[in-house]
>>> print(open('coords_24.cif').read())   # mmCIF, N, CA and C atoms
data_work
#
loop_
_atom_site.label_atom_id
_atom_site.label_comp_id
_atom_site.auth_asym_id
_atom_site.auth_seq_id
_atom_site.Cartn_x
_atom_site.Cartn_y
_atom_site.Cartn_z
N MET A 1 75.42 46.04 80.20
CA MET A 1 75.43 47.45 80.52
C MET A 1 76.69 48.05 79.91
N THR A 2 76.58 49.23 79.32
CA THR A 2 77.74 49.88 78.71
C THR A 2 78.68 50.39 79.78
N ALA A 3 79.90 50.71 79.37
CA ALA A 3 80.88 51.24 80.32
C ALA A 3 80.37 52.54 80.94
N VAL A 4 79.78 53.40 80.10
CA VAL A 4 79.26 54.66 80.63
C VAL A 4 78.10 54.39 81.58
N GLY A 5 77.27 53.42 81.26
CA GLY A 5 76.18 53.05 82.16
C GLY A 5 76.69 52.55 83.48
N ARG A 6 77.77 51.74 83.42
CA ARG A 6 78.37 51.24 84.67
C ARG A 6 78.93 52.40 85.48
N VAL A 7 79.55 53.36 84.78
CA VAL A 7 80.11 54.51 85.50
C VAL A 7 79.02 55.30 86.16
N GLY A 8 77.98 55.60 85.39
CA GLY A 8 76.89 56.36 85.96
C GLY A 8 76.31 55.65 87.18
N THR A 9 76.15 54.35 87.06
CA THR A 9 75.64 53.56 88.18
C THR A 9 76.62 53.61 89.34
N ALA A 10 77.91 53.48 89.04
CA ALA A 10 78.92 53.50 90.10
C ALA A 10 78.95 54.84 90.81
N VAL A 11 78.87 55.92 90.04
CA VAL A 11 78.90 57.25 90.64
C VAL A 11 77.68 57.44 91.53
N LEU A 12 76.52 57.11 91.02
CA LEU A 12 75.31 57.25 91.82
C LEU A 12 75.37 56.37 93.05
N LEU A 13 75.89 55.16 92.88
CA LEU A 13 76.00 54.24 93.99
C LEU A 13 76.91 54.82 95.07
N LEU A 14 78.08 55.30 94.66
CA LEU A 14 79.01 55.84 95.66
C LEU A 14 78.44 57.06 96.37
N LEU A 15 77.78 57.92 95.62
CA LEU A 15 77.22 59.10 96.25
C LEU A 15 76.01 58.74 97.12
N ALA A 16 75.21 57.80 96.67
CA ALA A 16 74.07 57.37 97.46
C ALA A 16 74.50 56.54 98.64
N LEU A 17 75.68 55.96 98.51
CA LEU A 17 76.20 55.08 99.53
C LEU A 17 76.84 55.82 100.67
N THR A 18 76.41 56.96 100.92
CA THR A 18 77.00 57.68 102.01
C THR A 18 76.78 56.89 103.29
N THR A 19 76.37 55.67 103.06
CA THR A 19 76.11 54.74 104.15
C THR A 19 75.43 55.45 105.31
N PRO A 20 74.16 55.82 105.11
CA PRO A 20 73.46 56.61 106.10
C PRO A 20 73.57 56.05 107.51
N GLY A 21 73.50 54.75 107.64
CA GLY A 21 73.61 54.16 108.97
C GLY A 21 74.93 54.48 109.63
N VAL A 22 75.99 54.40 108.86
CA VAL A 22 77.32 54.71 109.41
C VAL A 22 77.36 56.18 109.81
N ALA A 23 76.91 57.04 108.92
CA ALA A 23 76.95 58.47 109.20
C ALA A 23 76.08 58.82 110.41
N GLN A 24 74.95 58.16 110.54
CA GLN A 24 74.05 58.45 111.65
C GLN A 24 74.64 58.01 112.99
N ARG A 25 75.54 57.04 112.97
CA ARG A 25 76.12 56.54 114.20
C ARG A 25 77.35 57.33 114.62
N ARG A 26 77.73 58.30 113.85
CA ARG A 26 78.94 59.08 114.11
C ARG A 26 78.57 60.52 114.42
N ASP A 27 79.54 61.26 114.95
CA ASP A 27 79.26 62.68 115.15
C ASP A 27 79.26 63.38 113.80
N ARG A 28 78.81 64.61 113.80
CA ARG A 28 78.66 65.37 112.55
C ARG A 28 79.98 65.51 111.80
N ALA A 29 81.06 65.80 112.49
CA ALA A 29 82.36 65.97 111.84
C ALA A 29 82.79 64.66 111.16
N GLU A 30 82.58 63.54 111.84
CA GLU A 30 82.93 62.26 111.23
C GLU A 30 82.04 61.95 110.03
N ALA A 31 80.75 62.26 110.14
CA ALA A 31 79.83 62.02 109.02
C ALA A 31 80.23 62.86 107.82
N GLU A 32 80.58 64.12 108.05
CA GLU A 32 81.01 64.99 106.95
C GLU A 32 82.33 64.50 106.35
N ALA A 33 83.23 64.03 107.19
CA ALA A 33 84.50 63.50 106.70
C ALA A 33 84.26 62.25 105.85
N LEU A 34 83.35 61.40 106.29
CA LEU A 34 83.00 60.20 105.53
C LEU A 34 82.46 60.60 104.16
N LEU A 35 81.58 61.58 104.12
CA LEU A 35 81.02 62.03 102.85
C LEU A 35 82.12 62.57 101.93
N LEU A 36 83.06 63.33 102.48
CA LEU A 36 84.16 63.84 101.67
C LEU A 36 84.99 62.70 101.09
N PHE A 37 85.26 61.70 101.91
CA PHE A 37 86.01 60.55 101.44
C PHE A 37 85.28 59.86 100.29
N LEU A 38 83.97 59.63 100.45
CA LEU A 38 83.20 58.97 99.41
C LEU A 38 83.12 59.83 98.14
N GLU A 39 83.04 61.15 98.30
CA GLU A 39 83.07 62.05 97.15
C GLU A 39 84.40 61.92 96.42
N SER A 40 85.47 61.79 97.17
CA SER A 40 86.79 61.63 96.58
C SER A 40 86.86 60.36 95.73
N VAL A 41 86.35 59.28 96.27
CA VAL A 41 86.34 58.01 95.54
C VAL A 41 85.49 58.13 94.28
N ALA A 42 84.30 58.69 94.41
CA ALA A 42 83.40 58.83 93.26
C ALA A 42 84.02 59.72 92.19
N ALA A 43 84.63 60.82 92.60
CA ALA A 43 85.24 61.74 91.63
C ALA A 43 86.36 61.05 90.86
N GLN A 44 87.19 60.31 91.56
CA GLN A 44 88.31 59.64 90.91
C GLN A 44 87.83 58.54 89.95
N ARG A 45 86.83 57.80 90.35
CA ARG A 45 86.30 56.75 89.46
C ARG A 45 85.66 57.37 88.23
N THR A 46 84.93 58.43 88.42
CA THR A 46 84.29 59.10 87.29
C THR A 46 85.35 59.65 86.34
N ALA A 47 86.40 60.25 86.91
CA ALA A 47 87.46 60.84 86.08
C ALA A 47 88.11 59.79 85.19
N ARG A 48 88.22 58.58 85.66
CA ARG A 48 88.82 57.52 84.83
C ARG A 48 88.01 57.31 83.55
N LEU A 49 86.72 57.35 83.65
CA LEU A 49 85.90 57.16 82.46
C LEU A 49 85.84 58.42 81.61
N CYS A 50 85.74 59.54 82.25
CA CYS A 50 85.67 60.80 81.50
C CYS A 50 86.94 60.98 80.67
N ASP A 51 88.06 60.58 81.21
CA ASP A 51 89.34 60.68 80.52
C ASP A 51 89.34 59.88 79.22
N ARG A 52 88.60 58.81 79.20
CA ARG A 52 88.56 57.94 78.01
C ARG A 52 87.71 58.52 76.89
N GLY A 53 86.90 59.54 77.19
CA GLY A 53 86.02 60.09 76.17
C GLY A 53 86.12 61.59 75.94
N ILE A 54 86.85 62.28 76.80
CA ILE A 54 86.96 63.73 76.68
C ILE A 54 88.44 64.10 76.63
N PRO A 55 88.93 64.50 75.46
CA PRO A 55 90.35 64.88 75.36
C PRO A 55 90.71 65.98 76.35
N GLY A 56 91.82 65.80 77.04
CA GLY A 56 92.31 66.80 77.99
C GLY A 56 91.64 66.76 79.35
N TYR A 57 90.67 65.88 79.53
CA TYR A 57 89.93 65.85 80.80
C TYR A 57 90.85 65.54 81.98
N ARG A 58 91.72 64.54 81.81
CA ARG A 58 92.54 64.09 82.93
C ARG A 58 93.41 65.22 83.48
N GLY A 59 94.00 66.01 82.59
CA GLY A 59 94.83 67.12 83.05
C GLY A 59 94.03 68.13 83.84
N ARG A 60 92.85 68.46 83.36
CA ARG A 60 91.99 69.41 84.09
C ARG A 60 91.59 68.84 85.44
N PHE A 61 91.16 67.57 85.42
CA PHE A 61 90.74 66.93 86.66
C PHE A 61 91.89 66.86 87.66
N ASP A 62 93.03 66.37 87.20
CA ASP A 62 94.17 66.20 88.11
C ASP A 62 94.56 67.51 88.78
N ASP A 63 94.53 68.62 88.03
CA ASP A 63 94.87 69.92 88.61
C ASP A 63 93.90 70.30 89.73
N VAL A 64 92.63 70.23 89.43
CA VAL A 64 91.61 70.63 90.43
C VAL A 64 91.59 69.64 91.59
N PHE A 65 91.67 68.34 91.29
CA PHE A 65 91.61 67.33 92.34
C PHE A 65 92.80 67.45 93.28
N ALA A 66 93.97 67.74 92.74
CA ALA A 66 95.16 67.90 93.60
C ALA A 66 94.97 69.06 94.57
N ARG A 67 94.44 70.17 94.08
CA ARG A 67 94.20 71.32 94.98
C ARG A 67 93.11 70.99 95.99
N TRP A 68 92.03 70.34 95.55
CA TRP A 68 90.94 69.96 96.44
C TRP A 68 91.45 68.98 97.50
N SER A 69 92.21 67.99 97.06
CA SER A 69 92.74 66.98 97.99
C SER A 69 93.66 67.61 99.02
N SER A 70 94.49 68.53 98.58
CA SER A 70 95.40 69.20 99.50
C SER A 70 94.62 69.99 100.56
N ARG A 71 93.62 70.68 100.11
CA ARG A 71 92.82 71.50 101.03
C ARG A 71 92.04 70.65 102.03
N HIS A 72 91.55 69.52 101.60
CA HIS A 72 90.67 68.69 102.44
C HIS A 72 91.35 67.41 102.93
N ARG A 73 92.66 67.33 102.82
CA ARG A 73 93.40 66.10 103.12
C ARG A 73 93.04 65.50 104.49
N SER A 74 93.10 66.29 105.54
CA SER A 74 92.88 65.71 106.88
C SER A 74 91.46 65.18 107.03
N ARG A 75 90.48 65.88 106.47
CA ARG A 75 89.10 65.43 106.58
C ARG A 75 88.85 64.18 105.74
N VAL A 76 89.45 64.12 104.55
CA VAL A 76 89.30 62.93 103.70
C VAL A 76 89.95 61.73 104.38
N GLU A 77 91.13 61.94 104.96
CA GLU A 77 91.81 60.85 105.67
C GLU A 77 90.97 60.39 106.85
N ARG A 78 90.36 61.33 107.57
CA ARG A 78 89.49 60.95 108.70
C ARG A 78 88.28 60.17 108.19
N GLY A 79 87.72 60.60 107.07
CA GLY A 79 86.57 59.90 106.49
C GLY A 79 86.93 58.49 106.06
N GLU A 80 88.13 58.32 105.53
CA GLU A 80 88.57 56.98 105.15
C GLU A 80 88.71 56.11 106.39
N ALA A 81 89.23 56.68 107.46
CA ALA A 81 89.37 55.92 108.71
C ALA A 81 87.99 55.53 109.25
N VAL A 82 87.03 56.44 109.19
CA VAL A 82 85.67 56.14 109.64
C VAL A 82 85.08 55.00 108.80
N PHE A 83 85.30 55.08 107.49
CA PHE A 83 84.80 54.04 106.60
C PHE A 83 85.39 52.68 106.99
N HIS A 84 86.70 52.63 107.16
CA HIS A 84 87.35 51.35 107.48
C HIS A 84 86.97 50.85 108.87
N GLN A 85 86.75 51.76 109.81
CA GLN A 85 86.28 51.35 111.14
C GLN A 85 84.91 50.71 111.04
N ALA A 86 84.03 51.33 110.26
CA ALA A 86 82.67 50.78 110.09
C ALA A 86 82.72 49.43 109.39
N ALA A 87 83.59 49.32 108.38
CA ALA A 87 83.70 48.06 107.65
C ALA A 87 84.24 46.93 108.54
N ALA A 88 85.04 47.29 109.53
CA ALA A 88 85.64 46.28 110.41
C ALA A 88 84.68 45.81 111.51
N GLU A 89 83.61 46.56 111.76
CA GLU A 89 82.66 46.17 112.81
C GLU A 89 81.98 44.87 112.43
N LYS A 90 81.65 44.09 113.41
CA LYS A 90 81.02 42.79 113.18
C LYS A 90 79.50 42.92 113.16
N ASP A 91 78.93 42.84 111.98
CA ASP A 91 77.49 42.79 111.75
C ASP A 91 76.65 43.83 112.49
N PRO A 92 77.01 45.11 112.43
CA PRO A 92 76.11 46.10 113.03
C PRO A 92 74.82 46.18 112.20
N PRO A 93 73.70 46.39 112.85
CA PRO A 93 72.42 46.36 112.14
C PRO A 93 72.25 47.49 111.11
N TYR A 94 73.02 48.56 111.23
CA TYR A 94 72.86 49.71 110.34
C TYR A 94 73.74 49.64 109.11
N LEU A 95 74.53 48.60 108.95
CA LEU A 95 75.52 48.53 107.88
C LEU A 95 75.06 47.62 106.75
N ASP A 96 75.11 48.10 105.54
CA ASP A 96 74.80 47.31 104.37
C ASP A 96 76.12 46.76 103.83
N HIS A 97 76.38 45.50 104.13
CA HIS A 97 77.68 44.91 103.78
C HIS A 97 77.91 44.86 102.28
N ALA A 98 76.88 44.64 101.50
CA ALA A 98 77.05 44.60 100.05
C ALA A 98 77.53 45.95 99.52
N LYS A 99 76.95 47.03 100.03
CA LYS A 99 77.37 48.36 99.61
C LYS A 99 78.79 48.66 100.07
N MET A 100 79.10 48.27 101.27
CA MET A 100 80.46 48.49 101.78
C MET A 100 81.48 47.74 100.93
N GLU A 101 81.13 46.52 100.53
CA GLU A 101 82.04 45.74 99.68
C GLU A 101 82.24 46.41 98.33
N GLN A 102 81.19 47.01 97.79
CA GLN A 102 81.31 47.71 96.51
C GLN A 102 82.23 48.93 96.64
N ILE A 103 82.14 49.62 97.75
CA ILE A 103 83.02 50.77 97.96
C ILE A 103 84.45 50.28 98.13
N GLU A 104 84.63 49.22 98.89
CA GLU A 104 85.99 48.67 99.07
C GLU A 104 86.58 48.25 97.73
N LYS A 105 85.77 47.68 96.85
CA LYS A 105 86.24 47.28 95.53
C LYS A 105 86.65 48.52 94.73
N ALA A 106 85.86 49.58 94.81
CA ALA A 106 86.19 50.82 94.09
C ALA A 106 87.51 51.40 94.60
N ILE A 107 87.71 51.37 95.90
CA ILE A 107 88.96 51.87 96.50
C ILE A 107 90.14 51.05 95.99
N ALA A 108 89.99 49.74 95.97
CA ALA A 108 91.06 48.87 95.49
C ALA A 108 91.36 49.14 94.02
N GLU A 109 90.33 49.33 93.20
CA GLU A 109 90.52 49.61 91.78
C GLU A 109 91.30 50.90 91.57
N LEU A 110 91.06 51.89 92.40
CA LEU A 110 91.74 53.17 92.26
C LEU A 110 93.23 53.08 92.60
N LYS A 111 93.60 52.07 93.33
CA LYS A 111 95.02 51.89 93.68
C LYS A 111 95.81 51.26 92.54
N GLU A 112 95.10 50.74 91.55
CA GLU A 112 95.72 50.08 90.40
C GLU A 112 95.55 50.95 89.16
N PRO A 113 96.43 50.78 88.17
CA PRO A 113 96.22 51.49 86.90
C PRO A 113 94.91 51.04 86.26
N PRO A 114 94.26 51.90 85.50
CA PRO A 114 93.00 51.50 84.85
C PRO A 114 93.22 50.27 83.97
N ARG A 115 92.28 49.34 84.04
CA ARG A 115 92.38 48.13 83.23
C ARG A 115 92.07 48.41 81.76
N ASP A 116 91.13 49.29 81.53
CA ASP A 116 90.70 49.59 80.15
C ASP A 116 90.97 51.06 79.87
N ARG A 117 91.74 51.30 78.85
CA ARG A 117 92.06 52.68 78.46
C ARG A 117 91.55 52.99 77.06
N SER A 118 90.74 52.09 76.53
CA SER A 118 90.23 52.31 75.17
C SER A 118 89.29 53.51 75.16
N PRO A 119 89.25 54.22 74.03
CA PRO A 119 88.36 55.39 73.93
C PRO A 119 86.90 55.00 74.11
N LEU A 120 86.15 55.93 74.66
CA LEU A 120 84.71 55.75 74.86
C LEU A 120 83.95 56.86 74.15
N ALA A 121 82.80 56.53 73.64
CA ALA A 121 81.90 57.56 73.14
C ALA A 121 81.11 58.06 74.35
N ILE A 122 81.28 59.31 74.68
CA ILE A 122 80.62 59.89 75.85
C ILE A 122 79.32 60.56 75.41
N THR A 123 78.24 60.22 76.08
CA THR A 123 76.95 60.85 75.79
C THR A 123 76.95 62.26 76.37
N ASP A 124 75.99 63.05 75.94
CA ASP A 124 75.86 64.40 76.49
C ASP A 124 75.61 64.35 77.99
N GLY A 125 74.83 63.37 78.43
CA GLY A 125 74.55 63.24 79.86
C GLY A 125 75.80 62.92 80.65
N MET A 126 76.62 62.02 80.12
CA MET A 126 77.85 61.66 80.82
C MET A 126 78.84 62.83 80.78
N ARG A 127 78.88 63.56 79.66
CA ARG A 127 79.74 64.74 79.57
C ARG A 127 79.36 65.76 80.64
N THR A 128 78.06 65.89 80.86
CA THR A 128 77.58 66.81 81.91
C THR A 128 78.05 66.33 83.28
N VAL A 129 77.95 65.03 83.53
CA VAL A 129 78.43 64.47 84.81
C VAL A 129 79.92 64.77 84.97
N CYS A 130 80.68 64.55 83.90
CA CYS A 130 82.13 64.79 83.95
C CYS A 130 82.44 66.24 84.30
N GLU A 131 81.74 67.15 83.67
CA GLU A 131 81.98 68.58 83.92
C GLU A 131 81.53 68.97 85.33
N HIS A 132 80.46 68.33 85.81
CA HIS A 132 79.99 68.61 87.17
C HIS A 132 81.02 68.18 88.21
N VAL A 133 81.70 67.09 87.95
CA VAL A 133 82.72 66.63 88.89
C VAL A 133 83.77 67.73 89.08
N ILE A 134 84.26 68.26 87.97
CA ILE A 134 85.28 69.32 88.05
C ILE A 134 84.70 70.58 88.69
N SER A 135 83.51 70.98 88.28
CA SER A 135 82.95 72.22 88.84
C SER A 135 82.62 72.07 90.32
N ASP A 136 82.20 70.89 90.76
CA ASP A 136 81.94 70.67 92.18
C ASP A 136 83.23 70.75 93.00
N LEU A 137 84.30 70.18 92.47
CA LEU A 137 85.59 70.27 93.17
C LEU A 137 86.07 71.72 93.24
N GLU A 138 85.92 72.45 92.13
CA GLU A 138 86.31 73.86 92.11
C GLU A 138 85.49 74.66 93.11
N ALA A 139 84.19 74.40 93.17
CA ALA A 139 83.32 75.12 94.10
C ALA A 139 83.73 74.85 95.55
N ALA A 140 84.14 73.63 95.82
CA ALA A 140 84.56 73.27 97.19
C ALA A 140 85.85 73.95 97.58
N LEU A 141 86.60 74.43 96.61
CA LEU A 141 87.84 75.15 96.93
C LEU A 141 87.57 76.56 97.45
N THR A 142 86.39 77.07 97.16
CA THR A 142 86.06 78.43 97.59
C THR A 142 85.30 78.44 98.91
N ARG A 143 84.96 77.27 99.42
CA ARG A 143 84.21 77.20 100.68
C ARG A 143 85.16 77.12 101.85
#
>>> encode(input="coords_24.cif", output="C-alpha cells")
Amino acid sequence: MTAVGRVGTAVLLLLALTTPGVAQRRDRAEAEALLLFLESVAAQRTARLCDRGIPGYRGRFDDVFARWSSRHRSRVERGEAVFHQAAAEKDPPYLDHAKMEQIEKAIAELKEPPRDRSPLAITDGMRTVCEHVISDLEAALTR
C-alpha cells in the first residue's frame, strides 16, 4: 500500500473509529469530546502526509490547528481522558481492542518526529482531503 493509501486508510479509520460503543456508553458531552479528540489525532496525522506533498501546507495547518486547539482545548483534553479511561477498562463488550490499539499507536507516533520526511506525490483526491482538513478546522472556529 502506498504512503498516501495508508494515510487515507488511517484518516478514515480514525474518523470511523469514533468507537461507537465507547461513545454510546458515555453522556453526550463526553461523546462529543471523544469525537473532538479523535478529530484532532486524525487531522494531525493527515497533516504529516500533506506536508510531504504540498509546499507550505504545514504552515497553513499549524496556524489553523493552533487556533482550533486553543478554542477546543478543554473538550479535546476531556475526550483524550475518555479515550484513555475506555482503553483502561478490562474487556468491556462494546470495545474493539484492535481499533483502540491503532488509535493508541497513532497517538504515540504524533509524540515523535515524523520518521519519513521524503517528498510524496499527492493525488488530487489526497489534495482534496488535505484541504478539507484545514477547511473543517476553520469552520469549527466559527461555531
>>> residues_around(input="coords_24.cif", residues="Glu138 (chain A)", least_positions_apart="5", cutoff="8 Å", atoms="only N, CA and C atoms", output="list in words")
Val64, Phe65, Trp68, His132, Val133 and Arg143 of chain A
>>> closest_residue(input="coords_24.cif", among="A:Arg52, A:Ala33, A:Arg67, A:Met100", to="Leu141 (chain A)", atoms="only C-alpha atoms")
A:Arg67
>>> resolve_selection(input="coords_24.cif", expression="the PyMOL selection byres ((chain A and resi 122) around 8)", output="list in words")
Val4, Leu49, Cys50, Arg52, Gly53, Ile54, Pro119, Leu120, Ala121, Thr123, Asp124, Gly125, Met126, Arg127 and Thr128 of chain A
>>> resolve_selection(input="coords_24.cif", expression="the PyMOL selection byres ((chain A and resi 75) around 7)", output="list in words")
Glu32, Ala33, Leu34, Leu36, Phe37, Arg71, His72, Arg73, Ser74, Val76, Glu77, Arg78, Gly79 and Glu80 of chain A
>>> atom_distance(input="coords_24.cif", atom1="CA of Leu110 (chain A)", atom2="CA of Arg45 (chain A)")
7.1 Å
>>> atom_distance(input="coords_24.cif", atom1="atom N of Gly56 (chain A)", atom2="atom N of Arg117 (chain A)")
14.6 Å
>>> atom_distance(input="coords_24.cif", atom1="CA of Arg58 (chain A)", atom2="CA of Ala140 (chain A)")
18.7 Å
>>> closest_residue(input="coords_24.cif", among="A:Glu30, A:Gly59, A:Leu137, A:Glu131", to="Ala86 (chain A)", atoms="only C-alpha atoms")
A:Glu30
>>> select_by_dssp(input="coords_24.cif", residues="region 29-130 of chain A", states="alpha helix (DSSP H)", output="JSON, numbers by chain")
{"A": [29, 30, 31, 32, 33, 34, 35, 36, 37, 38, 39, 40, 41, 42, 43, 44, 45, 46, 47, 48, 49, 50, 51, 52, 53, 57, 58, 59, 60, 61, 62, 63, 64, 65, 66, 67, 68, 69, 70, 71, 72, 73, 74, 75, 76, 77, 78, 79, 80, 81, 82, 83, 84, 85, 86, 87, 88, 97, 98, 99, 100, 101, 102, 103, 104, 105, 106, 107, 108, 109, 110, 124, 125, 126, 127, 128, 129, 130]}
>>> closest_residue(input="coords_24.cif", among="A:Lys105, A:Ser135, A:Leu35, A:Val82", to="Arg60 (chain A)", atoms="only C-alpha atoms")
A:Ser135
>>> closest_residue(input="coords_24.cif", among="A:Ala31, A:Val41, A:Ala47, A:Ala87", to="Phe61 (chain A)", atoms="all atoms listed in the file")
A:Ala47
>>> axis_aligned_box(input="coords_24.cif", around="region 46-59 of chain A", padding_each_side="3 Å", output="AutoDock Vina command-line options")
--center_x 89.6 --center_y 62.6 --center_z 81.9 --size_x 16.5 --size_y 17.0 --size_z 19.1
>>> decode(input="coords_24.cif", residues="region 56-121 of chain A", atoms="C-alpha atoms", output="short mmCIF file (atom, residue, chain, number, x, y, z; two decimals), in the first residue's frame")
data_model
loop_
_atom_site.label_atom_id
_atom_site.label_comp_id
_atom_site.auth_asym_id
_atom_site.auth_seq_id
_atom_site.Cartn_x
_atom_site.Cartn_y
_atom_site.Cartn_z
CA GLY A 56 3.53 25.43 2.52
CA TYR A 57 0.87 23.09 3.89
CA ARG A 58 2.44 22.72 7.33
CA GLY A 59 2.47 26.45 7.98
CA ARG A 60 -1.17 26.82 7.00
CA PHE A 61 -2.17 23.78 9.02
CA ASP A 62 -0.19 24.78 12.11
CA ASP A 63 -1.80 28.24 12.15
CA VAL A 64 -5.36 26.95 11.92
CA PHE A 65 -4.75 23.95 14.17
CA ALA A 66 -3.22 26.12 16.90
CA ARG A 67 -6.29 28.37 16.92
CA TRP A 68 -8.66 25.38 16.79
CA SER A 69 -6.75 23.61 19.58
CA SER A 70 -6.79 26.70 21.75
CA ARG A 71 -10.52 27.15 21.31
CA HIS A 72 -11.37 23.50 21.97
CA ARG A 73 -8.56 22.63 24.41
CA SER A 74 -10.70 21.63 27.39
CA ARG A 75 -13.03 19.46 25.31
CA VAL A 76 -10.16 17.76 23.47
CA GLU A 77 -8.43 17.08 26.79
CA ARG A 78 -11.67 15.63 28.17
CA GLY A 79 -12.02 13.47 25.05
CA GLU A 80 -8.50 12.18 25.49
CA ALA A 81 -9.29 11.30 29.10
CA VAL A 82 -12.46 9.47 27.99
CA PHE A 83 -10.43 7.57 25.41
CA HIS A 84 -7.80 6.51 27.94
CA GLN A 85 -10.46 5.56 30.50
CA ALA A 86 -12.14 3.32 27.92
CA ALA A 87 -8.80 1.81 26.91
CA ALA A 88 -8.04 1.00 30.55
CA GLU A 89 -11.31 -0.89 31.11
CA LYS A 90 -10.98 -4.66 31.26
CA ASP A 91 -12.68 -6.32 28.29
CA PRO A 92 -15.93 -4.37 28.04
CA PRO A 93 -18.16 -5.96 25.39
CA TYR A 94 -18.56 -2.70 23.44
CA LEU A 95 -14.84 -2.05 22.93
CA ASP A 96 -12.89 -3.07 19.83
CA HIS A 97 -9.41 -3.55 21.25
CA ALA A 98 -7.73 -3.73 17.85
CA LYS A 99 -9.13 -0.32 16.90
CA MET A 100 -8.19 1.15 20.25
CA GLU A 101 -4.63 -0.13 19.80
CA GLN A 102 -4.44 1.51 16.38
CA ILE A 103 -5.52 4.82 17.87
CA GLU A 104 -3.01 4.46 20.69
CA LYS A 105 -0.29 3.80 18.10
CA ALA A 106 -1.31 6.94 16.17
CA ILE A 107 -1.17 9.00 19.38
CA ALA A 108 2.30 7.65 20.17
CA GLU A 109 3.51 8.40 16.62
CA LEU A 110 2.35 12.01 16.94
CA LYS A 111 4.51 12.45 20.03
CA GLU A 112 7.61 11.65 17.96
CA PRO A 113 9.10 13.49 14.99
CA PRO A 114 7.94 12.05 11.65
CA ARG A 115 10.02 9.05 10.62
CA ASP A 116 9.75 9.76 6.91
CA ARG A 117 10.06 13.27 5.55
CA SER A 118 10.70 12.37 1.94
CA PRO A 119 8.54 14.15 -0.65
CA LEU A 120 5.33 12.47 -1.76
CA ALA A 121 3.39 12.74 -4.97
#
